[in-house]
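File shown: query07.txt. Contents: compact mmCIF, C-alpha atoms.
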```txt
# COMPACT_ATOMS: atom_id res chain seq x y z
CA MET A 4 0.00 0.00 0.00
CA PRO A 5 1.53 3.41 -0.93
CA THR A 6 2.63 5.59 1.96
CA LEU A 7 2.77 9.36 2.18
CA ALA A 8 4.92 11.51 4.49
CA PHE A 9 5.31 15.27 4.86
CA THR A 10 8.33 17.43 5.60
CA PRO A 11 8.81 18.05 9.33
CA GLN A 12 8.89 21.77 8.42
CA LEU A 13 5.12 21.60 8.08
CA ARG A 14 4.54 20.29 11.60
CA ARG A 15 4.94 23.69 13.20
CA PHE A 16 1.95 24.91 11.18
CA THR A 17 -0.45 21.98 11.06
CA ASP A 18 -0.79 18.25 11.63
CA THR A 19 1.00 16.08 9.07
CA PRO A 20 -0.38 12.57 9.21
CA GLU A 21 1.67 9.67 7.85
CA VAL A 22 -0.77 8.01 5.51
CA SER A 23 -1.04 4.52 4.10
CA THR A 24 -3.56 4.52 1.31
CA ASP A 25 -4.70 2.38 -1.57
CA ALA A 26 -4.68 5.47 -3.79
CA ALA A 27 -3.77 4.78 -7.42
CA THR A 28 -2.42 8.27 -8.18
CA LEU A 29 -0.41 10.98 -6.45
CA ARG A 30 -3.42 13.28 -6.22
CA ALA A 31 -5.58 10.58 -4.69
CA ALA A 32 -2.88 9.93 -2.09
CA LEU A 33 -2.73 13.63 -1.23
CA GLU A 34 -6.53 13.69 -0.93
CA ALA A 35 -6.30 10.84 1.57
CA ALA A 36 -4.07 13.01 3.76
CA PHE A 37 -6.30 16.06 3.33
CA ALA A 38 -9.27 13.97 4.45
CA ILE A 39 -7.52 13.47 7.79
CA ASN A 40 -6.44 17.12 8.09
CA PRO A 41 -8.34 19.44 5.73
CA ARG A 42 -6.14 22.38 6.74
CA LEU A 43 -3.14 20.65 5.17
CA ARG A 44 -4.52 21.12 1.65
CA GLY A 45 -3.77 24.84 1.53
CA TYR A 46 -0.16 24.28 2.58
CA VAL A 47 0.55 21.85 -0.25
CA LEU A 48 -1.81 22.97 -3.02
CA ASP A 49 -2.78 26.48 -4.15
CA ASP A 50 -6.24 27.93 -4.90
CA GLN A 51 -6.43 26.03 -8.19
CA GLY A 52 -5.37 22.68 -6.75
CA HIS A 53 -1.88 22.92 -8.23
CA LEU A 54 1.23 22.00 -6.27
CA ARG A 55 2.66 25.14 -4.63
CA PRO A 56 5.76 26.43 -6.44
CA ASN A 57 8.05 25.86 -3.45
CA VAL A 58 6.72 22.46 -2.50
CA VAL A 59 8.42 19.41 -4.01
CA VAL A 60 7.04 15.88 -4.22
CA PHE A 61 9.27 12.83 -4.51
CA VAL A 62 7.78 9.49 -5.51
CA ASP A 63 10.06 6.53 -4.88
CA GLY A 64 13.01 8.87 -4.73
CA ARG A 65 12.26 10.67 -8.00
CA ARG A 66 11.12 14.28 -8.12
CA ASN A 67 7.72 14.75 -9.72
CA ASP A 68 7.91 17.87 -11.89
CA GLU A 69 4.32 17.80 -13.09
CA ARG A 70 2.52 20.22 -10.76
CA VAL A 71 -0.98 20.64 -12.20
CA ARG A 72 -2.62 17.26 -12.78
CA LEU A 73 -0.67 15.31 -10.13
CA ASP A 74 -1.91 12.15 -11.83
CA LEU A 75 1.32 10.16 -11.52
CA PRO A 76 0.40 6.48 -11.01
CA LEU A 77 1.50 4.97 -7.70
CA GLN A 78 2.67 1.40 -7.23
CA PRO A 79 1.52 -0.70 -4.27
CA ALA A 80 4.86 -0.13 -2.55
CA SER A 81 5.31 3.54 -3.57
CA ARG A 82 6.67 5.96 -1.02
CA VAL A 83 5.64 9.61 -1.45
CA HIS A 84 7.54 12.42 0.31
CA VAL A 85 6.16 15.97 0.28
CA MET A 86 9.08 18.31 0.92
CA GLN A 87 9.79 22.03 0.75
CA ALA A 88 12.21 23.61 -1.69
CA LEU A 89 14.99 25.52 0.03
CA SER A 90 15.13 29.29 0.03
CA GLY A 91 16.96 32.05 1.81
CA GLY A 92 15.83 34.83 4.08
CA MET B 15 -6.00 57.48 23.85
CA ASP B 16 -4.51 54.60 21.93
CA ASP B 17 -2.37 52.63 24.34
CA ARG B 18 -1.69 49.59 22.21
CA ALA B 19 -0.12 49.11 18.82
CA TRP B 20 0.60 46.24 16.47
CA VAL B 21 3.60 45.98 14.19
CA ALA B 22 3.52 43.42 11.38
CA THR B 23 7.03 42.44 10.34
CA ARG B 24 8.97 40.07 8.13
CA LYS B 25 9.54 37.87 11.17
CA GLY B 26 6.52 38.14 13.40
CA LEU B 27 3.74 40.24 14.84
CA PHE B 28 4.75 42.55 17.68
CA GLU B 29 2.30 43.97 20.19
CA LEU B 30 3.30 47.21 21.85
CA GLN B 31 1.88 48.74 24.99
CA ARG B 32 2.14 52.38 25.86
CA SER B 33 3.24 53.60 29.24
CA GLY B 34 3.39 57.39 29.46
CA LEU B 35 5.56 58.62 26.61
CA ALA B 36 7.07 55.24 25.77
CA TRP B 37 6.14 52.05 24.00
CA ARG B 38 7.38 48.67 25.09
CA ILE B 39 7.14 45.38 23.25
CA ALA B 40 4.64 43.33 25.23
CA ARG B 41 4.24 40.24 23.07
CA VAL B 42 5.54 38.60 19.91
CA SER B 43 3.34 36.24 17.93
CA PHE B 44 4.29 34.13 14.89
CA LEU B 45 8.00 34.69 15.54
CA GLY B 46 9.95 33.93 12.39
CA GLU B 47 6.97 34.14 10.05
CA PRO B 48 6.21 37.00 7.66
CA VAL B 49 3.11 38.92 8.78
CA THR B 50 1.67 41.07 6.01
CA MET B 51 -1.28 42.73 7.75
CA MET B 52 -3.30 42.63 10.93
CA LEU B 53 -6.73 43.79 12.04
CA PRO B 54 -6.42 45.20 15.58
CA PRO B 55 -8.79 43.91 18.26
CA GLN B 56 -12.41 44.92 17.93
CA ALA B 57 -14.45 45.85 21.00
CA ASP B 58 -14.92 42.16 21.83
CA GLY B 59 -11.23 41.34 21.51
CA ARG B 60 -11.39 39.57 18.16
CA MET B 61 -8.52 40.28 15.80
CA LEU B 62 -6.95 38.86 12.64
CA ALA B 63 -3.40 38.39 11.39
CA ALA B 64 -2.39 37.58 7.81
CA LEU B 65 0.77 35.57 7.23
CA ASN B 66 2.66 34.86 4.06
CA LEU B 67 4.60 31.67 4.62
CA GLY B 68 6.33 31.69 1.28
CA HIS B 69 6.65 27.95 0.68
CA PHE B 70 3.23 27.19 2.04
CA GLY B 71 1.22 30.22 0.97
CA ALA B 72 -0.77 32.99 2.61
CA LYS B 73 -2.59 32.09 5.82
CA LEU B 74 -5.01 33.79 8.15
CA HIS B 75 -5.17 33.48 11.93
CA ALA B 76 -7.84 34.77 14.31
CA SER B 77 -7.68 35.62 17.98
CA ASP B 78 -10.62 35.95 20.36
CA ASP B 79 -8.52 37.40 23.16
CA ALA B 80 -6.74 40.38 21.60
CA GLY B 81 -3.73 38.41 20.45
CA ALA B 82 -3.05 36.23 23.50
CA SER B 83 -3.89 33.06 21.57
CA TRP B 84 -4.45 32.35 17.90
CA GLN B 85 -6.10 29.77 15.71
CA GLU B 86 -5.81 29.33 11.97
CA VAL B 87 -8.98 30.16 10.05
CA GLU B 88 -9.97 29.96 6.41
CA VAL B 89 -7.92 32.19 4.18
CA PRO B 90 -9.49 34.02 1.22
CA THR B 91 -9.36 31.55 -1.67
CA TYR B 92 -10.00 32.29 -5.32
CA PRO B 93 -12.64 30.28 -7.17
CA GLU B 94 -11.76 27.94 -10.01
CA GLN B 95 -10.10 29.82 -12.82
CA PRO B 96 -11.83 29.44 -16.19
CA ALA B 97 -9.55 28.04 -18.89
CA ASP B 98 -9.91 31.18 -21.01
CA ALA B 99 -9.28 33.69 -18.21
CA SER B 100 -6.48 36.11 -18.98
CA GLY B 101 -4.45 38.16 -16.54
CA PRO B 102 -2.88 36.99 -13.29
CA GLU B 103 -3.54 33.49 -12.02
CA TRP B 104 -6.49 33.17 -9.67
CA LYS B 105 -4.23 32.27 -6.77
CA LEU B 106 -3.89 34.15 -3.50
CA VAL B 107 -0.44 35.68 -3.15
CA GLN B 108 -0.93 37.88 -0.12
CA VAL B 109 -3.54 39.48 2.12
CA TRP B 110 -2.64 43.16 1.97
CA ALA B 111 -5.59 44.95 3.60
CA LEU B 112 -7.97 44.06 6.45
CA GLU B 113 -10.77 46.36 7.57
CA ALA B 114 -13.86 45.75 9.71
CA ALA B 115 -17.07 47.79 9.57
CA GLY B 116 -20.81 47.23 9.73
CA GLY B 117 -20.54 43.56 10.70
CA ARG B 118 -18.26 42.74 7.78
CA VAL B 119 -14.55 42.23 7.35
CA TRP B 120 -13.02 43.21 4.02
CA ALA B 121 -9.74 41.77 2.78
CA GLY B 122 -7.79 43.27 -0.09
CA THR B 123 -5.36 40.89 -1.73
CA MET B 124 -2.78 40.29 -4.39
CA PRO B 125 -3.70 39.57 -7.17
CA GLY B 126 -6.23 42.39 -6.83
CA GLY B 127 -9.20 40.71 -5.19
CA LEU B 128 -11.62 42.07 -2.61
CA PHE B 129 -12.98 39.43 -0.23
CA GLU B 130 -15.86 39.81 2.23
CA SER B 131 -16.44 37.91 5.46
CA ARG B 132 -19.60 38.10 7.54
CA ASP B 133 -18.33 35.83 10.30
CA PHE B 134 -15.19 37.73 11.21
CA GLY B 135 -12.84 35.85 8.98
CA ARG B 136 -14.13 32.31 9.41
CA SER B 137 -15.24 32.23 5.78
CA TRP B 138 -14.71 34.50 2.79
CA ARG B 139 -16.37 35.33 -0.49
CA LEU B 140 -14.68 36.99 -3.46
CA ASN B 141 -16.43 40.16 -4.58
CA ARG B 142 -17.28 39.10 -8.11
CA PRO B 143 -18.67 42.43 -9.41
CA LEU B 144 -15.21 44.01 -9.09
CA TRP B 145 -13.24 40.88 -10.00
CA ASP B 146 -15.40 40.41 -13.13
CA HIS B 147 -15.35 44.10 -14.05
CA PRO B 148 -13.94 44.54 -17.58
CA GLY B 149 -11.68 47.32 -16.29
CA ARG B 150 -9.63 44.77 -14.34
CA ALA B 151 -8.13 43.55 -17.60
CA GLU B 152 -6.06 46.74 -17.70
CA TRP B 153 -4.71 46.43 -14.15
CA MET B 154 -1.05 45.57 -13.75
CA GLY B 155 1.50 44.89 -11.09
CA GLY B 156 3.41 47.72 -9.46
CA GLY B 157 6.60 46.41 -7.88
CA ASN B 158 4.97 42.99 -7.72
CA PRO B 159 4.06 40.73 -10.63
CA ALA B 160 0.32 40.97 -9.97
CA PRO B 161 -1.87 43.94 -9.03
CA GLY B 162 -2.53 44.36 -5.31
CA MET B 163 -5.41 45.86 -3.37
CA HIS B 164 -3.88 47.62 -0.38
CA SER B 165 -6.49 50.14 0.72
CA VAL B 166 -10.09 49.47 1.73
CA SER B 167 -11.79 52.51 3.20
CA VAL B 168 -15.31 52.15 4.59
CA HIS B 169 -17.47 55.24 5.07
CA PRO B 170 -17.74 55.73 8.85
CA GLN B 171 -21.49 56.45 8.80
CA ARG B 172 -22.53 54.41 5.75
CA PRO B 173 -20.83 51.01 5.93
CA ASP B 174 -22.16 50.02 2.50
CA GLU B 175 -20.05 52.78 0.97
CA LEU B 176 -16.57 51.56 0.07
CA MET B 177 -13.48 52.99 -1.53
CA VAL B 178 -10.72 50.59 -2.55
CA ALA B 179 -7.37 51.28 -4.17
CA VAL B 180 -5.23 48.99 -6.29
CA SER B 181 -1.59 49.18 -7.38
CA CYS B 182 -1.91 49.51 -10.33
CA GLY B 183 -5.64 49.50 -10.89
CA GLY B 184 -7.00 52.86 -9.77
CA VAL B 185 -9.42 53.92 -7.05
CA TRP B 186 -12.87 52.33 -7.03
CA HIS B 187 -16.07 53.39 -5.29
CA SER B 188 -19.13 51.38 -4.39
CA ALA B 189 -22.25 52.75 -2.70
CA ASP B 190 -23.99 49.38 -2.39
CA ALA B 191 -21.61 47.17 -0.39
CA GLY B 192 -19.75 46.06 -3.47
CA ALA B 193 -22.66 45.20 -5.78
CA THR B 194 -21.60 47.84 -8.33
CA TRP B 195 -18.35 49.72 -8.78
CA ALA B 196 -17.15 52.91 -10.47
CA LEU B 197 -13.67 54.34 -10.94
CA ARG B 198 -12.78 57.57 -9.17
CA THR B 199 -9.42 58.84 -10.35
CA ARG B 200 -10.27 62.04 -12.23
CA GLY B 201 -7.33 64.38 -11.89
CA MET B 202 -4.71 61.68 -11.36
CA LYS B 203 -1.93 61.19 -13.90
CA ALA B 204 0.52 58.35 -14.45
CA ALA B 205 3.92 59.44 -15.77
CA TYR B 206 4.98 55.81 -16.25
CA MET B 207 2.49 55.35 -19.09
CA PRO B 208 2.59 56.60 -22.70
CA PRO B 209 1.17 60.17 -22.77
CA GLU B 210 -2.14 59.15 -24.31
CA GLU B 211 -2.68 56.67 -21.46
CA ALA B 212 -1.56 58.93 -18.60
CA GLU B 213 -5.10 59.59 -17.36
CA ASN B 214 -6.46 56.08 -17.92
CA PRO B 215 -8.17 55.36 -14.57
CA ASN B 216 -7.40 51.64 -14.67
CA VAL B 217 -3.63 52.07 -14.70
CA GLN B 218 -3.29 54.64 -11.91
CA ASP B 219 -1.02 53.55 -9.08
CA PRO B 220 -2.39 54.90 -5.81
CA HIS B 221 0.12 53.71 -3.23
CA ARG B 222 -2.28 54.46 -0.40
CA VAL B 223 -5.74 56.03 -0.07
CA LEU B 224 -7.26 57.09 3.25
CA ARG B 225 -10.13 59.30 4.30
CA CYS B 226 -10.76 61.64 7.22
CA GLU B 227 -13.06 59.93 9.72
CA ALA B 228 -14.80 63.19 10.68
CA ALA B 229 -15.09 64.43 7.10
CA PRO B 230 -15.39 61.25 5.05
CA GLU B 231 -15.69 63.06 1.72
CA VAL B 232 -12.10 64.23 2.17
CA LEU B 233 -9.67 61.68 0.75
CA TRP B 234 -5.90 61.69 0.53
CA CYS B 235 -3.77 59.68 -1.87
CA GLN B 236 -0.06 59.02 -1.99
CA HIS B 237 0.27 58.07 -5.66
CA HIS B 238 3.25 56.72 -7.56
CA ASN B 239 3.56 60.10 -9.24
CA GLY B 240 2.73 62.45 -6.40
CA ILE B 241 0.17 63.41 -3.81
CA TRP B 242 -3.50 64.02 -4.51
CA ARG B 243 -6.44 65.11 -2.36
CA SER B 244 -10.19 65.07 -2.95
CA THR B 245 -12.89 66.94 -1.07
CA ASP B 246 -15.85 65.32 -2.84
CA GLY B 247 -15.43 61.63 -2.14
CA GLY B 248 -12.96 61.07 -4.96
CA LEU B 249 -15.00 62.48 -7.84
CA GLN B 250 -12.22 64.98 -8.50
CA TRP B 251 -8.64 64.86 -7.25
CA GLN B 252 -6.28 67.84 -6.87
CA ALA B 253 -2.52 67.39 -7.19
CA LEU B 254 -0.40 68.70 -4.32
CA GLN B 255 3.31 69.42 -4.15
CA ALA B 256 5.19 68.47 -1.01
CA PRO B 257 8.69 69.58 -0.04
CA VAL B 258 11.70 67.24 -0.23
CA SER B 259 9.83 64.83 -2.54
CA SER B 260 6.25 64.02 -3.42
CA PHE B 261 7.19 60.38 -4.00
CA GLY B 262 6.56 57.90 -1.24
CA PHE B 263 4.30 55.17 -0.03
CA ALA B 264 3.02 55.88 3.47
CA LEU B 265 0.18 58.18 4.45
CA ALA B 266 -1.64 58.99 7.68
CA VAL B 267 -4.76 61.16 7.88
CA HIS B 268 -5.91 63.09 10.93
CA PRO B 269 -9.16 61.53 12.17
CA GLN B 270 -10.78 64.89 13.00
CA GLN B 271 -9.03 67.57 10.94
CA PRO B 272 -9.62 67.11 7.20
CA GLY B 273 -6.74 69.42 6.32
CA THR B 274 -4.11 67.45 8.21
CA ALA B 275 -2.11 64.52 6.84
CA TRP B 276 1.39 63.06 7.07
CA PHE B 277 3.59 61.62 4.30
CA VAL B 278 7.05 60.04 4.25
CA PRO B 279 9.02 61.18 1.21
CA ALA B 280 11.58 59.07 -0.66
CA VAL B 281 13.82 60.01 -3.58
CA ALA B 282 11.87 58.43 -6.44
CA ASP B 283 10.59 55.15 -7.73
CA GLU B 284 13.95 54.18 -9.14
CA ARG B 285 15.72 54.96 -5.85
CA ARG B 286 13.57 54.13 -2.85
CA VAL B 287 15.54 55.72 -0.03
CA PRO B 288 15.18 58.94 1.97
CA VAL B 289 16.41 62.11 0.27
CA ASP B 290 20.02 62.86 1.31
CA GLY B 291 19.98 59.92 3.73
CA ALA B 292 17.73 61.83 6.14
CA LEU B 293 14.46 60.26 7.26
CA VAL B 294 11.74 62.92 7.48
CA VAL B 295 7.95 63.23 7.64
CA ASN B 296 5.99 65.86 5.72
CA ARG B 297 2.93 67.29 7.46
CA THR B 298 0.31 69.65 6.17
CA THR B 299 -2.48 71.13 8.29
CA ASP B 300 -4.18 73.15 5.54
CA GLY B 301 -5.08 70.60 2.91
CA GLY B 302 -1.68 70.61 1.27
CA GLN B 303 -1.28 74.34 0.67
CA SER B 304 1.68 74.52 3.03
CA TRP B 305 3.92 71.91 4.62
CA ARG B 306 6.33 71.34 7.45
CA THR B 307 9.14 68.85 7.11
CA LEU B 308 9.58 67.15 10.48
CA ARG B 309 13.01 65.80 11.40
CA GLN B 310 13.50 66.11 15.15
CA GLY B 311 14.37 62.74 16.63
CA LEU B 312 14.61 60.96 13.27
CA PRO B 313 17.95 59.79 11.82
CA GLN B 314 19.41 62.52 9.62
CA GLN B 315 22.57 60.86 8.34
CA HIS B 316 23.00 57.66 6.34
CA ALA B 317 19.42 56.57 6.89
CA TYR B 318 18.16 54.25 4.16
CA ASP B 319 14.83 53.40 5.72
CA LEU B 320 11.87 53.14 3.42
CA VAL B 321 8.44 53.31 5.02
CA TYR B 322 6.01 50.98 3.32
CA ARG B 323 2.46 52.06 2.54
CA HIS B 324 1.04 50.67 5.78
CA GLY B 325 4.06 51.70 7.83
CA LEU B 326 2.69 54.98 9.25
CA ALA B 327 -0.29 55.31 11.60
CA VAL B 328 -1.94 58.06 13.60
CA GLY B 329 -4.03 57.49 16.71
CA ARG B 330 -7.54 58.64 17.41
CA ASP B 331 -6.14 61.65 19.25
CA GLY B 332 -4.57 62.91 16.03
CA ARG B 333 -1.28 63.40 17.85
CA THR B 334 0.13 59.93 18.46
CA LEU B 335 2.11 58.63 15.49
CA LEU B 336 3.95 55.41 14.87
CA MET B 337 6.26 54.82 11.91
CA GLY B 338 8.08 51.60 10.98
CA SER B 339 10.66 51.07 8.25
CA THR B 340 12.09 48.41 5.99
CA THR B 341 15.29 48.57 8.04
CA GLY B 342 13.38 47.63 11.18
CA GLY B 343 13.35 51.09 12.72
CA LEU B 344 10.28 52.09 14.70
CA TRP B 345 9.66 55.66 15.81
CA THR B 346 6.86 57.38 17.68
CA SER B 347 5.64 60.90 18.22
CA PHE B 348 3.15 62.15 20.76
CA ASP B 349 2.80 65.69 19.40
CA GLY B 350 1.71 65.17 15.82
CA GLY B 351 5.21 64.64 14.51
CA ASP B 352 7.03 67.70 15.89
CA ARG B 353 9.30 65.46 17.94
CA TRP B 354 10.03 61.78 17.40
CA SER B 355 11.62 59.19 19.63
CA THR B 356 13.02 55.78 18.82
CA VAL B 357 11.05 52.72 19.90
CA SER B 358 13.49 50.23 18.35
CA LEU B 359 16.12 50.12 15.65
CA ASN B 360 16.35 46.35 15.63
CA LEU B 361 13.01 45.00 14.54
CA PRO B 362 12.62 42.88 11.41
CA PRO B 363 11.56 44.77 8.26
CA ILE B 364 8.19 46.36 9.03
CA ALA B 365 5.21 45.88 6.72
CA ALA B 366 2.47 47.58 8.73
CA VAL B 367 1.77 49.43 11.97
CA ARG B 368 -1.64 50.04 13.53
CA LEU B 369 -2.73 51.77 16.71
CA CYS B 370 -5.65 50.71 18.84
```

I need this file expressed as structure tokens, please.
Amino acid sequence: MPTLAFTPQLRRFTDTPEVSTDAATLRAALEAAFAINPRLRGYVLDDQGHLRPNVVVFVDGRRNDERVRLDLPLQPASRVHVMQALSGG
Amino acid sequence: MDDRAWVATRKGLFELQRSGLAWRIARVSFLGEPVTMMLPPQADGRMLAALNLGHFGAKLHASDDAGASWQEVEVPTYPEQPADASGPEWKLVQVWALEAAGGRVWAGTMPGGLFESRDFGRSWRLNRPLWDHPGRAEWMGGGNPAPGMHSVSVHPQRPDELMVAVSCGGVWHSADAGATWALRTRGMKAAYMPPEEAENPNVQDPHRVLRCEAAPEVLWCQHHNGIWRSTDGGLQWQALQAPVSSFGFALAVHPQQPGTAWFVPAVADERRVPVDGALVVNRTTDGGQSWRTLRQGLPQQHAYDLVYRHGLAVGRDGRTLLMGSTTGGLWTSFDGGDRWSTVSLNLPPIAAVRLC
């Protein structure tokens, strides 16, 4: 069953559940996490449901550069990591 | 007398409390996070703070106890963008204005949206009549990629009467709580446009628009290309010339005296620093016919502080002033600006100050 984990950087803002889901796509897996904590959606996706520009998703160690559809198929053993891009300030 | 103040900074929200002729920092909320605007506590203690987390977007937090504790609430969110929509993406970049009046809270945002809440920020609705207005197609960014609504001024006696200002998208008036809108920029001119477009209302860049509480038909505007004032609710604007420089961002308007306002001049748009490295405040008490440039207590050598458009505030007494800069300097005056004293020179860059 695919698993989904979020960057610890998000924990100071909102709950970040570790999710095991039978989702077949990346978006469906994200939706499974948002169902547990609806507030999380706005931290990962923007108003239009696109991945935020400074959020990066890795699926099985590979960065997913498609940020609009998020329809990447997941395998039963896929591991999804939602991370933040680095920036200064 | 206003004895509390809030300072929204690049790294947190600071609450100040006044004791005699001094302010002290009483509380810091959201330390480390960019705070772009706050709505000071209402009579029942409820207040709002808008954050811009960068990676994770703009957020809104509400307090029921005047800032002692906070909870995240729904942030204004744009509806689904039609595939054929032109202009900026329908995605919230920043909450840039928060005003409460008549049981409503209004939020002005980048990219140029006006949102309304009737439950004190628990839920929001985009004002579609303005968002769908054909004039919006001509709006453009001013210093930011997308247009931004930074000023929402509600008529003190008629809460359905609104004036909003957009950089760069002009000054808009509604007499029916946002159901219909009309531009009010006659008299304003934009030097950054081709000559034939200089008076196009939709491209004017009002940096800040405020009205006099006691004389609500009197409006002041710090514009990208100078200072304007209106005495008829914005139907006609008169250009004014201030000493040192008429360029700037910040503006404060006396709540009782319609002839009195304060401005913070900077060199020009292409060089946003104080003239000659000296931070000053321009004050007029006669509607802009004459001015005094106030310097006492402000840094007069090698000062490179810019005061953002929400970085200057006057209290209800018309004498207490607070001014915060991009360099993290915070100054106060208790005599209408004649003399200033330093509150801090070490705050994070300051986006907004408000007295309460």

Where is the centre and how long are the edges: axis-aligned box on range 17-36 of chain A, 6 Å on each side, Å to one decimal, as lines of an AutoDock Vina configuration file:
```
center_x = -2.4
center_y = 12.2
center_z = 1.7
size_x = 20.2
size_y = 31.6
size_z = 31.8
```

Next on the checklist: Under the rule that all atoms listed in the file are counted, which of B:Ala151, B:Leu176, B:Ala275, B:Val166 is the nearest residue to Asp190 in chain B?
Outcome noted: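 Smallest distance to Asp190 in chain B is found for B:Leu176.
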
Next on the checklist: Report, in Å to a single decimal, how far apart CA of Pro288 in chain B and CA of Ala205 in chain B are.
Outcome noted: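 CA of Pro288 in chain B lies at a distance of 21.0 Å from CA of Ala205 in chain B.
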
Item to check | For chain B, the nearest of the candidates A:Asn57, A:Thr19, A:Thr10, A:Asn40, counting only C-alpha atoms | outcome: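 Once distances to chain B are computed over only C-alpha atoms, the minimum belongs to A:Asn57.
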
Checklist entry - Once you count only C-alpha atoms, which residues of chain A turn out to be within 9 Å of chain B? Could you give them as a count of residues only? => result 19

Item to check | Selected residue of minimal separation from Pro54 in chain B among B:Gly26, B:Gly126, B:Gly81, B:Gly116, counting all atoms listed in the file | outcome: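 Going through B:Gly26, B:Gly126, B:Gly81, B:Gly116 one by one, the smallest distance to Pro54 in chain B is for B:Gly81.
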
Checklist entry - When you draw a straight line from CA of Gly240 in chain B to CA of Ala114 in chain B, how long is it in Å? => result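 Atom-to-atom, CA of Gly240 in chain B to CA of Ala114 in chain B, that is 28.5 Å.
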
Next on the checklist: Given the point (-3.9, 15.1, -11.2) in the coordinates of this file, which residues lie within 8 Å, counting only C-alpha atoms, and how would they look as a VMD selection string?
Outcome noted: chain A and resid 28 to 30 71 to 75

Next on the checklist: Just the number, please: distance in Å from CA of Ala40 in chain B to CA of Gly343 in chain B, one decimal.
Outcome noted: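 One can read the CA of Ala40 in chain B to CA of Gly343 in chain B distance as 17.1 Å.
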
Item to check | Nearest-residue call for Asp18 in chain A, choices A:Glu69, A:His53, A:Pro5, A:Pro41, using all atoms listed in the file | outcome: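 The answer is A:Pro41, which sits nearest to Asp18 in chain A.
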
Item to check | Shell of 12 Å around Ala38 in chain A, only C-alpha atoms, local chain residues under 5 positions omitted, as a ChimeraX atom specification | outcome: /A:18-20,22,24,31-33,43-44

Next on the checklist: Counting only C-alpha atoms, which residue out of A:Val60, A:Leu54, A:His84, A:Leu7 sits closest to Ala26 in chain A?
Outcome noted: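 Smallest separation from Ala26 in chain A among the options: A:Leu7.
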
Item to check | All residues 9 Å or closer to Val278 in chain B, all atoms listed in the file, same chain fewer than 2 positions away omitted, as a list of chain:residue names | outcome: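 So the residues in contact are B:Ser259, B:Ser260, B:Phe261, B:Gly262, B:Phe263, B:Ala264, B:Leu265, B:Trp276, B:Ala280, B:Pro288, B:Leu293, B:Val294, B:Val295, B:Asn296, B:Arg297, B:Leu320, B:Val321, B:Leu326.
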
Item to check | Distance criterion (all atoms listed in the file): nearest to Leu336 in chain B out of B:Trp354, B:Tyr322, B:Phe44, B:Trp234 | outcome: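 Result for the nearest residue to Leu336 in chain B: B:Trp354.
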
Checklist entry - Do you know which residues lie at most 7 Å from (-1.8, 53.1, 11.8), with coordinates as in the file and only C-alpha atoms counted, and could you write them as an NGL selection string? => result :B and (326-329 or 336 or 367-369)
